[in-house]
>>> print(open('query_12.csv').read())   # CSV, C-alpha atoms
chain,number,residue,atom,x,y,z
A,256,MET,CA,100.6,154.7,80.1
A,257,SER,CA,101.3,157.2,82.8
A,258,ASN,CA,97.7,158.1,83.3
A,259,LYS,CA,96.6,154.5,83.8
A,260,GLU,CA,96.6,152.4,86.9
A,261,ILE,CA,99.2,149.7,86.8
A,262,TRP,CA,98.8,146.2,88.2
A,263,PHE,CA,102.0,144.3,89.1
A,264,GLU,CA,102.7,140.6,89.5
A,265,THR,CA,106.0,139.9,91.2
A,266,LEU,CA,106.3,136.3,92.4
A,267,TYR,CA,110.1,136.7,92.5
A,268,SER,CA,112.2,139.5,93.9
A,269,GLY,CA,113.4,141.8,91.1
A,270,PHE,CA,111.4,140.0,88.3
A,271,GLY,CA,107.8,140.2,87.3
A,272,GLN,CA,105.3,141.6,84.9
A,273,PHE,CA,102.7,144.3,84.8
A,274,PHE,CA,99.3,145.1,83.2
A,275,SER,CA,97.8,148.4,82.6
A,276,ILE,CA,94.2,148.5,84.0
A,277,ASN,CA,91.7,150.1,81.7
A,278,LYS,CA,88.8,149.3,84.1
A,279,THR,CA,88.5,147.3,87.3
A,280,LEU,CA,85.4,145.2,87.0
A,281,TYR,CA,85.6,143.5,90.4
A,282,HIS,CA,88.0,143.5,93.4
A,283,SER,CA,87.2,142.0,96.8
A,284,LYS,CA,88.3,139.4,99.3
A,285,THR,CA,86.3,136.3,99.1
A,286,GLU,CA,86.1,133.8,102.0
A,287,HIS,CA,89.3,132.2,100.7
A,288,GLN,CA,91.3,134.6,98.6
A,289,ASP,CA,91.7,138.1,97.1
A,290,LEU,CA,90.1,138.3,93.7
A,291,ILE,CA,90.4,140.9,91.0
A,292,ILE,CA,89.0,141.1,87.5
A,293,PHE,CA,90.0,144.0,85.3
A,294,GLU,CA,90.2,144.9,81.6
A,295,ASN,CA,93.5,145.3,79.7
A,296,ASP,CA,94.0,146.6,76.1
A,297,LEU,CA,96.1,143.7,74.9
A,298,MET,CA,94.8,140.7,77.0
A,299,GLY,CA,91.1,141.5,77.4
A,300,ARG,CA,89.6,140.7,80.7
A,301,VAL,CA,92.1,139.4,83.3
A,302,MET,CA,91.6,137.6,86.6
A,303,ALA,CA,94.1,137.3,89.4
A,304,LEU,CA,93.9,135.5,92.8
A,305,ASP,CA,96.1,136.6,95.7
A,306,GLY,CA,98.2,138.7,93.4
A,307,VAL,CA,98.9,136.0,90.8
A,308,ILE,CA,97.4,136.1,87.3
A,309,GLN,CA,95.1,133.1,86.7
A,310,THR,CA,93.7,133.7,83.3
A,311,THR,CA,93.2,136.2,80.5
A,312,GLU,CA,90.7,136.3,77.7
A,313,ARG,CA,93.3,136.4,75.0
A,314,ASP,CA,95.4,133.4,75.8
A,315,GLU,CA,93.3,131.2,78.0
A,316,PHE,CA,92.6,128.8,75.1
A,317,ILE,CA,96.1,127.5,75.2
A,318,TYR,CA,96.0,126.5,78.8
A,319,HIS,CA,92.5,125.0,78.7
A,320,GLU,CA,92.9,123.1,75.4
A,321,MET,CA,96.1,121.5,76.5
A,322,MET,CA,94.8,120.5,80.0
A,323,ALA,CA,91.6,119.1,78.6
A,324,HIS,CA,92.3,117.5,75.2
A,325,VAL,CA,95.7,115.9,76.0
A,326,PRO,CA,94.4,113.5,78.7
A,327,ILE,CA,91.0,112.9,77.2
A,328,LEU,CA,92.3,112.1,73.7
A,329,ALA,CA,95.2,110.0,75.2
A,330,HIS,CA,92.6,108.0,77.2
A,331,GLY,CA,90.5,107.4,74.1
A,332,LYS,CA,87.3,106.2,76.0
A,333,ALA,CA,86.9,108.7,78.8
A,334,LYS,CA,83.3,108.9,80.0
A,335,ARG,CA,83.6,110.5,83.5
A,336,ILE,CA,85.7,113.6,84.1
A,337,LEU,CA,86.6,115.3,87.4
A,338,ILE,CA,87.8,118.9,87.4
A,339,ILE,CA,89.4,120.2,90.6
A,340,GLY,CA,89.2,124.0,90.7
A,341,GLY,CA,88.4,125.5,87.3
A,342,GLY,CA,86.0,128.1,88.6
A,343,ASP,CA,86.5,130.4,85.6
A,344,GLY,CA,84.7,127.8,83.4
A,345,GLY,CA,87.3,127.5,80.7
A,346,MET,CA,88.3,123.9,81.5
A,347,LEU,CA,84.6,122.9,81.7
A,348,ARG,CA,84.0,124.5,78.3
A,349,GLU,CA,86.8,122.4,76.6
A,350,VAL,CA,85.8,119.2,78.3
A,351,CYS,CA,82.2,119.7,77.2
A,352,ARG,CA,83.3,119.7,73.6
A,353,HIS,CA,83.9,115.9,73.9
A,354,GLN,CA,80.4,114.5,73.2
A,355,SER,CA,81.5,111.0,74.3
A,356,VAL,CA,81.9,112.3,77.9
A,357,GLU,CA,78.9,111.3,79.9
A,358,HIS,CA,79.4,113.0,83.2
A,359,ILE,CA,81.5,116.0,84.4
A,360,THR,CA,82.0,116.8,88.1
A,361,MET,CA,83.8,120.1,89.0
A,362,VAL,CA,84.9,120.6,92.6
A,363,GLU,CA,85.6,124.2,93.5
A,364,ILE,CA,86.5,125.4,97.0
A,365,ASP,CA,85.3,129.0,96.4
A,366,GLU,CA,81.7,129.4,95.2
A,367,ASN,CA,82.3,133.1,94.8
A,368,VAL,CA,84.9,132.5,92.0
A,369,VAL,CA,82.3,130.6,90.0
A,370,GLU,CA,79.7,133.3,90.4
A,371,PHE,CA,82.0,136.2,89.6
A,372,CYS,CA,83.5,134.5,86.6
A,373,ARG,CA,80.1,133.6,85.1
A,374,GLU,CA,79.3,137.3,85.3
A,375,TYR,CA,82.6,138.9,84.4
A,376,LEU,CA,84.3,136.2,82.3
A,377,PRO,CA,81.3,134.8,80.4
A,378,ASN,CA,83.4,133.9,77.3
A,379,HIS,CA,85.4,131.4,79.4
A,380,SER,CA,82.5,129.1,80.2
A,381,ALA,CA,80.6,130.0,77.0
A,382,GLY,CA,77.4,128.4,78.3
A,383,ALA,CA,79.1,125.2,79.6
A,384,TYR,CA,77.6,125.6,83.1
A,385,GLU,CA,74.3,124.8,81.5
A,386,ASP,CA,75.5,121.5,80.1
A,387,PRO,CA,73.2,118.7,81.5
A,388,ARG,CA,76.3,116.4,82.1
A,389,PHE,CA,77.7,118.9,84.5
A,390,ASN,CA,77.6,118.7,88.4
A,391,LEU,CA,79.2,121.4,90.6
A,392,VAL,CA,80.4,120.5,94.1
A,393,ILE,CA,81.6,123.3,96.4
A,394,GLU,CA,84.2,121.4,98.5
A,395,ASP,CA,87.9,121.2,99.3
A,396,GLY,CA,89.5,119.1,96.5
A,397,VAL,CA,91.6,117.0,98.9
A,398,ASN,CA,88.5,116.1,101.0
A,399,PHE,CA,86.5,115.2,97.9
A,400,VAL,CA,89.0,112.8,96.3
A,401,ASN,CA,89.6,111.0,99.6
A,402,GLN,CA,85.9,110.6,100.5
A,403,THR,CA,84.0,110.2,97.3
A,404,ASP,CA,82.7,106.8,96.1
A,405,LEU,CA,82.8,108.0,92.5
A,406,LYS,CA,85.3,106.9,90.0
A,407,PHE,CA,86.7,108.9,87.0
A,408,ASP,CA,88.6,108.3,83.8
A,409,VAL,CA,90.4,111.6,83.8
A,410,ILE,CA,91.1,114.0,86.7
A,411,ILE,CA,92.2,117.6,85.8
A,412,SER,CA,93.6,119.6,88.6
A,413,ASP,CA,93.1,123.2,87.4
A,414,CYS,CA,94.7,124.5,90.6
A,415,THR,CA,96.4,127.8,91.6
A,416,ASP,CA,100.1,127.8,92.6
A,417,PRO,CA,100.9,126.0,95.9
A,418,ILE,CA,100.2,128.9,98.1
A,419,GLY,CA,96.9,129.7,100.0
A,420,PRO,CA,94.0,127.5,99.1
A,421,GLY,CA,95.9,125.8,96.3
A,422,GLU,CA,98.7,124.5,98.5
A,423,SER,CA,96.8,121.3,99.5
A,424,LEU,CA,96.5,120.3,95.8
A,425,PHE,CA,100.2,119.6,95.7
A,426,THR,CA,100.3,117.2,98.6
A,427,SER,CA,100.8,113.4,98.8
A,428,GLU,CA,97.3,113.2,100.4
A,429,PHE,CA,95.8,114.8,97.3
A,430,TYR,CA,97.7,112.6,94.8
A,431,GLN,CA,96.9,109.5,96.7
A,432,GLY,CA,93.2,110.4,96.7
A,433,CYS,CA,93.3,111.0,93.0
A,434,ALA,CA,95.0,107.6,92.3
A,435,ARG,CA,92.3,106.0,94.5
A,436,CYS,CA,89.3,107.4,92.5
A,437,LEU,CA,90.7,106.8,89.0
A,438,ASN,CA,89.4,104.0,86.9
A,439,GLU,CA,91.7,101.5,85.2
A,440,ASN,CA,93.8,103.4,82.6
A,441,GLY,CA,92.8,106.6,84.3
A,442,ILE,CA,94.9,109.8,83.8
A,443,PHE,CA,95.6,112.6,86.2
A,444,VAL,CA,96.9,116.0,85.0
A,445,ALA,CA,97.6,119.2,86.9
A,446,GLN,CA,98.9,122.7,86.5
A,447,ASN,CA,102.5,122.6,87.7
A,448,GLY,CA,104.0,126.0,87.2
A,449,VAL,CA,106.7,127.5,85.0
A,450,CYS,CA,109.5,125.0,85.5
A,451,PHE,CA,112.4,127.4,84.7
A,452,LEU,CA,111.4,129.5,87.8
A,453,GLN,CA,109.5,126.9,89.8
A,454,GLN,CA,111.7,123.8,89.2
A,455,ASP,CA,111.4,122.6,92.8
A,456,GLU,CA,107.7,122.5,92.4
A,457,ALA,CA,108.0,120.1,89.5
A,458,VAL,CA,110.5,118.0,91.3
A,459,ASN,CA,108.4,117.7,94.4
A,460,SER,CA,105.3,116.8,92.4
A,461,HIS,CA,107.2,114.2,90.5
A,462,GLN,CA,108.5,112.6,93.7
A,463,LYS,CA,105.1,112.4,95.2
A,464,LEU,CA,103.2,111.3,92.1
A,465,SER,CA,105.7,108.5,91.5
A,466,THR,CA,104.7,107.0,94.8
A,467,TYR,CA,101.1,106.4,93.7
A,468,PHE,CA,101.4,106.1,89.9
A,469,GLU,CA,103.4,103.8,87.6
A,470,ASP,CA,104.0,106.6,85.1
A,471,ALA,CA,104.6,110.1,86.3
A,472,SER,CA,106.0,112.8,83.9
A,473,PHE,CA,105.2,116.3,82.5
A,474,TYR,CA,104.1,118.0,79.3
A,475,GLN,CA,104.4,121.6,78.4
A,476,ALA,CA,102.8,124.6,76.5
A,477,ALA,CA,103.9,128.1,75.8
A,478,ILE,CA,101.3,130.5,77.5
A,479,PRO,CA,102.3,134.2,77.4
A,480,THR,CA,100.5,135.2,80.6
A,481,TYR,CA,102.5,132.8,82.7
A,482,TYR,CA,105.8,134.7,82.6
A,483,GLY,CA,109.2,133.1,83.0
A,484,GLY,CA,109.2,130.4,80.4
A,485,ILE,CA,107.1,127.4,79.5
A,486,MET,CA,104.1,126.2,81.5
A,487,THR,CA,104.4,122.7,82.8
A,488,PHE,CA,101.6,120.2,83.4
A,489,ALA,CA,102.0,117.1,85.6
A,490,TRP,CA,100.9,113.8,84.1
A,491,ALA,CA,100.3,110.6,86.0
A,492,SER,CA,98.8,107.2,85.1
A,493,GLN,CA,99.2,103.5,85.9
A,494,ASN,CA,99.6,102.8,82.1
A,495,PRO,CA,102.9,104.2,80.6
A,496,LEU,CA,101.6,103.5,77.1
A,497,LEU,CA,99.0,106.3,77.3
A,498,ARG,CA,101.8,108.8,77.2
A,499,GLN,CA,103.4,107.2,74.1
A,500,LEU,CA,100.5,107.1,71.6
A,501,ASP,CA,101.5,107.4,67.9
A,502,LEU,CA,100.5,110.3,65.7
A,503,THR,CA,98.1,108.2,63.5
A,504,THR,CA,96.0,107.2,66.5
A,505,LEU,CA,95.8,110.7,67.9
A,506,GLU,CA,94.9,112.1,64.5
A,507,SER,CA,92.1,109.6,64.1
A,508,ARG,CA,90.7,110.4,67.6
A,509,PHE,CA,91.0,114.1,67.0
A,510,LYS,CA,89.3,113.9,63.6
A,511,SER,CA,86.4,111.9,65.2
A,512,LEU,CA,86.0,114.6,67.8
A,513,GLY,CA,85.1,117.0,65.1
A,514,ILE,CA,86.2,120.3,66.7
A,515,HIS,CA,88.6,123.0,65.7
A,516,CYS,CA,91.3,124.1,68.3
A,517,ARG,CA,93.4,127.2,68.2
A,518,TYR,CA,96.5,125.6,69.9
A,519,TYR,CA,96.0,121.9,70.3
A,520,ASN,CA,96.6,119.5,67.5
A,521,PRO,CA,98.0,115.9,67.5
A,522,ALA,CA,101.5,116.9,66.6
A,523,ILE,CA,101.6,119.4,69.5
A,524,HIS,CA,100.2,116.7,71.7
A,525,ILE,CA,103.2,114.4,71.0
A,526,GLY,CA,105.8,117.2,71.0
A,527,SER,CA,104.6,118.6,74.4
A,528,PHE,CA,106.0,115.6,76.2
A,529,ALA,CA,109.6,116.5,75.1
A,530,LEU,CA,111.1,118.1,78.2
A,531,PRO,CA,114.1,120.5,78.3
A,532,GLN,CA,117.3,118.9,79.5
A,533,TYR,CA,117.5,121.0,82.7
A,534,LEU,CA,114.2,119.6,83.8
A,535,GLN,CA,115.1,116.1,82.9
A,536,ASP,CA,118.4,116.5,84.9
A,537,ALA,CA,116.5,117.8,87.9
A,538,LEU,CA,114.1,114.9,87.8
A,539,ASN,CA,116.8,112.3,87.5
A,540,GLN,CA,118.6,113.7,90.5
>>> encode(input="query_12.csv", output="structure tokens")
Amino acid sequence: MSNKEIWFETLYSGFGQFFSINKTLYHSKTEHQDLIIFENDLMGRVMALDGVIQTTERDEFIYHEMMAHVPILAHGKAKRILIIGGGDGGMLREVCRHQSVEHITMVEIDENVVEFCREYLPNHSAGAYEDPRFNLVIEDGVNFVNQTDLKFDVIISDCTDPIGPGESLFTSEFYQGCARCLNENGIFVAQNGVCFLQQDEAVNSHQKLSTYFEDASFYQAAIPTYYGGIMTFAWASQNPLLRQLDLTTLESRFKSLGIHCRYYNPAIHIGSFALPQYLQDALNQ
């Protein structure tokens, strides 16, 4: 270990994680953020933006499966999907596995992230960028949802933490725009941090989402890369029943999908909406 370069992530004073760097594949400042992609013995290729780990080859499937399949299968008839962010291509890959989806728009603020990830993280997108249903828009996500005439069945905000370019994707303006361009029974989901360490982030998101959506809540998944506990995903819809589907319905939809997942299954789907008491207490306050 001593002869290897060490990369540190310390979001909080006195607490963090480190990765040994076998080889730095790319490191530069883009127009919007500092981007590094390096190789690590345990986690494979790793990407960080502005000093915060975004994805690794080894465990990215958990994050992307849960953000894509939970809302799409809960909806049941999703035809049009909007991905905000997602430049590494992993979210697009999972959405493309749904053959019933007819159109996929991805809005990414930083074109360089898309280009570099296609080159250095090709397993994430796995050819999904060539899907004929896909349309890439290089634009600020807030501007897009407040100006577009398009409507969507599912919106997936694959955003960074609320710092730098990702900060605007946690605002009332963004949530209002998403509510505006969702179809009836539409579902919005978003990355919302590790709630044990970022509880205020979840509480603030819940307060804002509740202004524009009848049903606002969270679901969770254990993702090793995101240290400090369980990753939390925001959930919002005008139809509370979409969050309360029974196991039989989900099993039928998943079977019809005809795919194999490494993390997601219908039982995980239902269980992921059970929140720890400390988060429930914080939300109820």
>>> closest_residue(input="query_12.csv", among="A:Val307, A:Ala491, A:Leu297, A:Leu530", to="Thr265 (chain A)", atoms="all atoms listed in the file")
A:Val307
>>> closest_residue(input="query_12.csv", among="A:Thr360, A:Ser472, A:Ser355, A:Asn438", to="Tyr384 (chain A)", atoms="all atoms listed in the file")
A:Thr360
>>> closest_residue(input="query_12.csv", among="A:Ile485, A:Leu304, A:Leu496, A:Leu347", to="Gly382 (chain A)", atoms="all atoms listed in the file")
A:Leu347
>>> atom_distance(input="query_12.csv", atom1="CA of Gly341 (chain A)", atom2="CA of Val369 (chain A)")
8.4 Å
>>> closest_residue(input="query_12.csv", among="A:Val392, A:Ala383, A:Cys372, A:Ala323", to="Arg300 (chain A)", atoms="only C-alpha atoms")
A:Cys372
>>> residues_near_point(input="query_12.csv", point="(81.3, 122.4, 95.8)", cutoff="12 Å", atoms="only C-alpha atoms", output="ChimeraX atom specification")
/A:338-342,360-369,390-396,398-399
>>> residues_around(input="query_12.csv", residues="Arg352 (chain A)", least_positions_apart="4", cutoff="12 Å", atoms="only C-alpha atoms", output="PDB file with C-alpha atoms, in the coordinates of the input")
ATOM      1  CA  HIS A 319      92.500 125.000  78.700  1.00  0.00           C
ATOM      2  CA  GLU A 320      92.900 123.100  75.400  1.00  0.00           C
ATOM      3  CA  ALA A 323      91.600 119.100  78.600  1.00  0.00           C
ATOM      4  CA  HIS A 324      92.300 117.500  75.200  1.00  0.00           C
ATOM      5  CA  ILE A 327      91.000 112.900  77.200  1.00  0.00           C
ATOM      6  CA  LEU A 328      92.300 112.100  73.700  1.00  0.00           C
ATOM      7  CA  GLY A 345      87.300 127.500  80.700  1.00  0.00           C
ATOM      8  CA  MET A 346      88.300 123.900  81.500  1.00  0.00           C
ATOM      9  CA  LEU A 347      84.600 122.900  81.700  1.00  0.00           C
ATOM     10  CA  ARG A 348      84.000 124.500  78.300  1.00  0.00           C
ATOM     11  CA  VAL A 356      81.900 112.300  77.900  1.00  0.00           C
ATOM     12  CA  GLU A 357      78.900 111.300  79.900  1.00  0.00           C
ATOM     13  CA  ILE A 359      81.500 116.000  84.400  1.00  0.00           C
ATOM     14  CA  SER A 380      82.500 129.100  80.200  1.00  0.00           C
ATOM     15  CA  ALA A 381      80.600 130.000  77.000  1.00  0.00           C
ATOM     16  CA  GLY A 382      77.400 128.400  78.300  1.00  0.00           C
ATOM     17  CA  ALA A 383      79.100 125.200  79.600  1.00  0.00           C
ATOM     18  CA  ASP A 386      75.500 121.500  80.100  1.00  0.00           C
ATOM     19  CA  ARG A 388      76.300 116.400  82.100  1.00  0.00           C
ATOM     20  CA  PHE A 509      91.000 114.100  67.000  1.00  0.00           C
ATOM     21  CA  SER A 511      86.400 111.900  65.200  1.00  0.00           C
ATOM     22  CA  LEU A 512      86.000 114.600  67.800  1.00  0.00           C
ATOM     23  CA  GLY A 513      85.100 117.000  65.100  1.00  0.00           C
ATOM     24  CA  ILE A 514      86.200 120.300  66.700  1.00  0.00           C
ATOM     25  CA  HIS A 515      88.600 123.000  65.700  1.00  0.00           C
ATOM     26  CA  CYS A 516      91.300 124.100  68.300  1.00  0.00           C
TER      27      CYS A 516
END
>>> closest_residue(input="query_12.csv", among="A:Glu315, A:Gly299, A:Leu405, A:Phe293", to="Arg335 (chain A)", atoms="only C-alpha atoms")
A:Leu405
>>> closest_residue(input="query_12.csv", among="A:Leu497, A:Met322, A:Ala471, A:Cys450", to="Cys414 (chain A)", atoms="all atoms listed in the file")
A:Met322
>>> atom_distance(input="query_12.csv", atom1="CA of Met298 (chain A)", atom2="CA of Arg517 (chain A)")
16.2 Å
>>> atom_distance(input="query_12.csv", atom1="CA of Pro495 (chain A)", atom2="CA of Ala537 (chain A)")
20.6 Å
>>> decode(input="query_12.csv", residues="region 322-404 of chain A", atoms="C-alpha atoms", output="PDB file, in the first residue's frame")
ATOM      1  CA  MET A 322     -33.093   4.105  -9.479  1.00  0.00           C
ATOM      2  CA  ALA A 323     -34.327   2.740 -12.801  1.00  0.00           C
ATOM      3  CA  HIS A 324     -36.409  -0.355 -12.067  1.00  0.00           C
ATOM      4  CA  VAL A 325     -38.224   0.802  -8.916  1.00  0.00           C
ATOM      5  CA  PRO A 326     -40.066   3.734 -10.567  1.00  0.00           C
ATOM      6  CA  ILE A 327     -40.530   2.123 -13.982  1.00  0.00           C
ATOM      7  CA  LEU A 328     -41.982  -1.099 -12.591  1.00  0.00           C
ATOM      8  CA  ALA A 329     -44.067   0.811 -10.057  1.00  0.00           C
ATOM      9  CA  HIS A 330     -45.544   2.864 -12.889  1.00  0.00           C
ATOM     10  CA  GLY A 331     -46.316  -0.217 -14.955  1.00  0.00           C
ATOM     11  CA  LYS A 332     -46.916   1.569 -18.275  1.00  0.00           C
ATOM     12  CA  ALA A 333     -44.001   3.989 -18.607  1.00  0.00           C
ATOM     13  CA  LYS A 334     -43.303   4.954 -22.217  1.00  0.00           C
ATOM     14  CA  ARG A 335     -41.304   8.166 -21.904  1.00  0.00           C
ATOM     15  CA  ILE A 336     -38.371   8.487 -19.491  1.00  0.00           C
ATOM     16  CA  LEU A 337     -36.331  11.564 -18.579  1.00  0.00           C
ATOM     17  CA  ILE A 338     -32.893  11.153 -16.995  1.00  0.00           C
ATOM     18  CA  ILE A 339     -31.329  14.256 -15.476  1.00  0.00           C
ATOM     19  CA  GLY A 340     -27.555  13.818 -15.222  1.00  0.00           C
ATOM     20  CA  GLY A 341     -26.438  10.237 -15.666  1.00  0.00           C
ATOM     21  CA  GLY A 342     -23.445  11.041 -17.848  1.00  0.00           C
ATOM     22  CA  ASP A 343     -21.683   7.780 -16.956  1.00  0.00           C
ATOM     23  CA  GLY A 344     -24.375   5.876 -18.909  1.00  0.00           C
ATOM     24  CA  GLY A 345     -25.286   3.358 -16.207  1.00  0.00           C
ATOM     25  CA  MET A 346     -28.810   4.714 -15.705  1.00  0.00           C
ATOM     26  CA  LEU A 347     -29.405   4.771 -19.434  1.00  0.00           C
ATOM     27  CA  ARG A 348     -28.266   1.142 -19.667  1.00  0.00           C
ATOM     28  CA  GLU A 349     -30.819  -0.002 -17.095  1.00  0.00           C
ATOM     29  CA  VAL A 350     -33.665   2.063 -18.554  1.00  0.00           C
ATOM     30  CA  CYS A 351     -32.930   0.624 -21.995  1.00  0.00           C
ATOM     31  CA  ARG A 352     -33.604  -2.880 -20.639  1.00  0.00           C
ATOM     32  CA  HIS A 353     -37.301  -1.977 -20.562  1.00  0.00           C
ATOM     33  CA  GLN A 354     -38.450  -2.785 -24.088  1.00  0.00           C
ATOM     34  CA  SER A 355     -41.842  -1.161 -23.450  1.00  0.00           C
ATOM     35  CA  VAL A 356     -40.149   2.242 -23.063  1.00  0.00           C
ATOM     36  CA  GLU A 357     -40.473   4.169 -26.307  1.00  0.00           C
ATOM     37  CA  HIS A 358     -38.398   7.302 -25.747  1.00  0.00           C
ATOM     38  CA  ILE A 359     -35.523   8.214 -23.413  1.00  0.00           C
ATOM     39  CA  THR A 360     -34.243  11.765 -22.998  1.00  0.00           C
ATOM     40  CA  MET A 361     -31.074  12.390 -20.996  1.00  0.00           C
ATOM     41  CA  VAL A 362     -30.214  15.947 -19.949  1.00  0.00           C
ATOM     42  CA  GLU A 363     -26.579  16.342 -18.902  1.00  0.00           C
ATOM     43  CA  ILE A 364     -25.000  19.708 -18.135  1.00  0.00           C
ATOM     44  CA  ASP A 365     -21.428  18.572 -18.856  1.00  0.00           C
ATOM     45  CA  GLU A 366     -20.831  17.042 -22.283  1.00  0.00           C
ATOM     46  CA  ASN A 367     -17.259  16.196 -21.278  1.00  0.00           C
ATOM     47  CA  VAL A 368     -18.511  13.758 -18.631  1.00  0.00           C
ATOM     48  CA  VAL A 369     -20.437  11.832 -21.289  1.00  0.00           C
ATOM     49  CA  GLU A 370     -17.464  11.714 -23.638  1.00  0.00           C
ATOM     50  CA  PHE A 371     -14.950  10.647 -21.003  1.00  0.00           C
ATOM     51  CA  CYS A 372     -17.232   8.000 -19.506  1.00  0.00           C
ATOM     52  CA  ARG A 373     -17.930   6.472 -22.907  1.00  0.00           C
ATOM     53  CA  GLU A 374     -14.179   6.124 -23.327  1.00  0.00           C
ATOM     54  CA  TYR A 375     -13.062   5.197 -19.816  1.00  0.00           C
ATOM     55  CA  LEU A 376     -16.182   3.545 -18.318  1.00  0.00           C
ATOM     56  CA  PRO A 377     -17.588   1.665 -21.326  1.00  0.00           C
ATOM     57  CA  ASN A 378     -19.065  -1.094 -19.165  1.00  0.00           C
ATOM     58  CA  HIS A 379     -21.424   1.408 -17.559  1.00  0.00           C
ATOM     59  CA  SER A 380     -23.273   2.319 -20.746  1.00  0.00           C
ATOM     60  CA  ALA A 381     -22.657  -1.088 -22.396  1.00  0.00           C
ATOM     61  CA  GLY A 382     -23.722   0.246 -25.803  1.00  0.00           C
ATOM     62  CA  ALA A 383     -26.835   2.040 -24.519  1.00  0.00           C
ATOM     63  CA  TYR A 384     -25.805   5.329 -26.134  1.00  0.00           C
ATOM     64  CA  GLU A 385     -26.502   3.685 -29.508  1.00  0.00           C
ATOM     65  CA  ASP A 386     -30.104   2.813 -28.600  1.00  0.00           C
ATOM     66  CA  PRO A 387     -32.422   4.399 -31.217  1.00  0.00           C
ATOM     67  CA  ARG A 388     -34.863   5.477 -28.474  1.00  0.00           C
ATOM     68  CA  PHE A 389     -32.215   7.690 -26.861  1.00  0.00           C
ATOM     69  CA  ASN A 390     -31.869  11.471 -27.169  1.00  0.00           C
ATOM     70  CA  LEU A 391     -29.058  13.422 -25.456  1.00  0.00           C
ATOM     71  CA  VAL A 392     -29.596  17.064 -24.516  1.00  0.00           C
ATOM     72  CA  ILE A 393     -26.674  19.135 -23.197  1.00  0.00           C
ATOM     73  CA  GLU A 394     -28.461  21.577 -20.934  1.00  0.00           C
ATOM     74  CA  ASP A 395     -28.969  22.624 -17.339  1.00  0.00           C
ATOM     75  CA  GLY A 396     -31.557  20.310 -15.806  1.00  0.00           C
ATOM     76  CA  VAL A 397     -33.541  23.080 -14.101  1.00  0.00           C
ATOM     77  CA  ASN A 398     -33.835  25.042 -17.332  1.00  0.00           C
ATOM     78  CA  PHE A 399     -34.940  21.950 -19.225  1.00  0.00           C
ATOM     79  CA  VAL A 400     -37.781  20.874 -16.924  1.00  0.00           C
ATOM     80  CA  ASN A 401     -39.102  24.434 -16.718  1.00  0.00           C
ATOM     81  CA  GLN A 402     -38.984  25.125 -20.459  1.00  0.00           C
ATOM     82  CA  THR A 403     -39.653  21.837 -22.271  1.00  0.00           C
ATOM     83  CA  ASP A 404     -43.005  21.069 -23.891  1.00  0.00           C
TER      84      ASP A 404
END
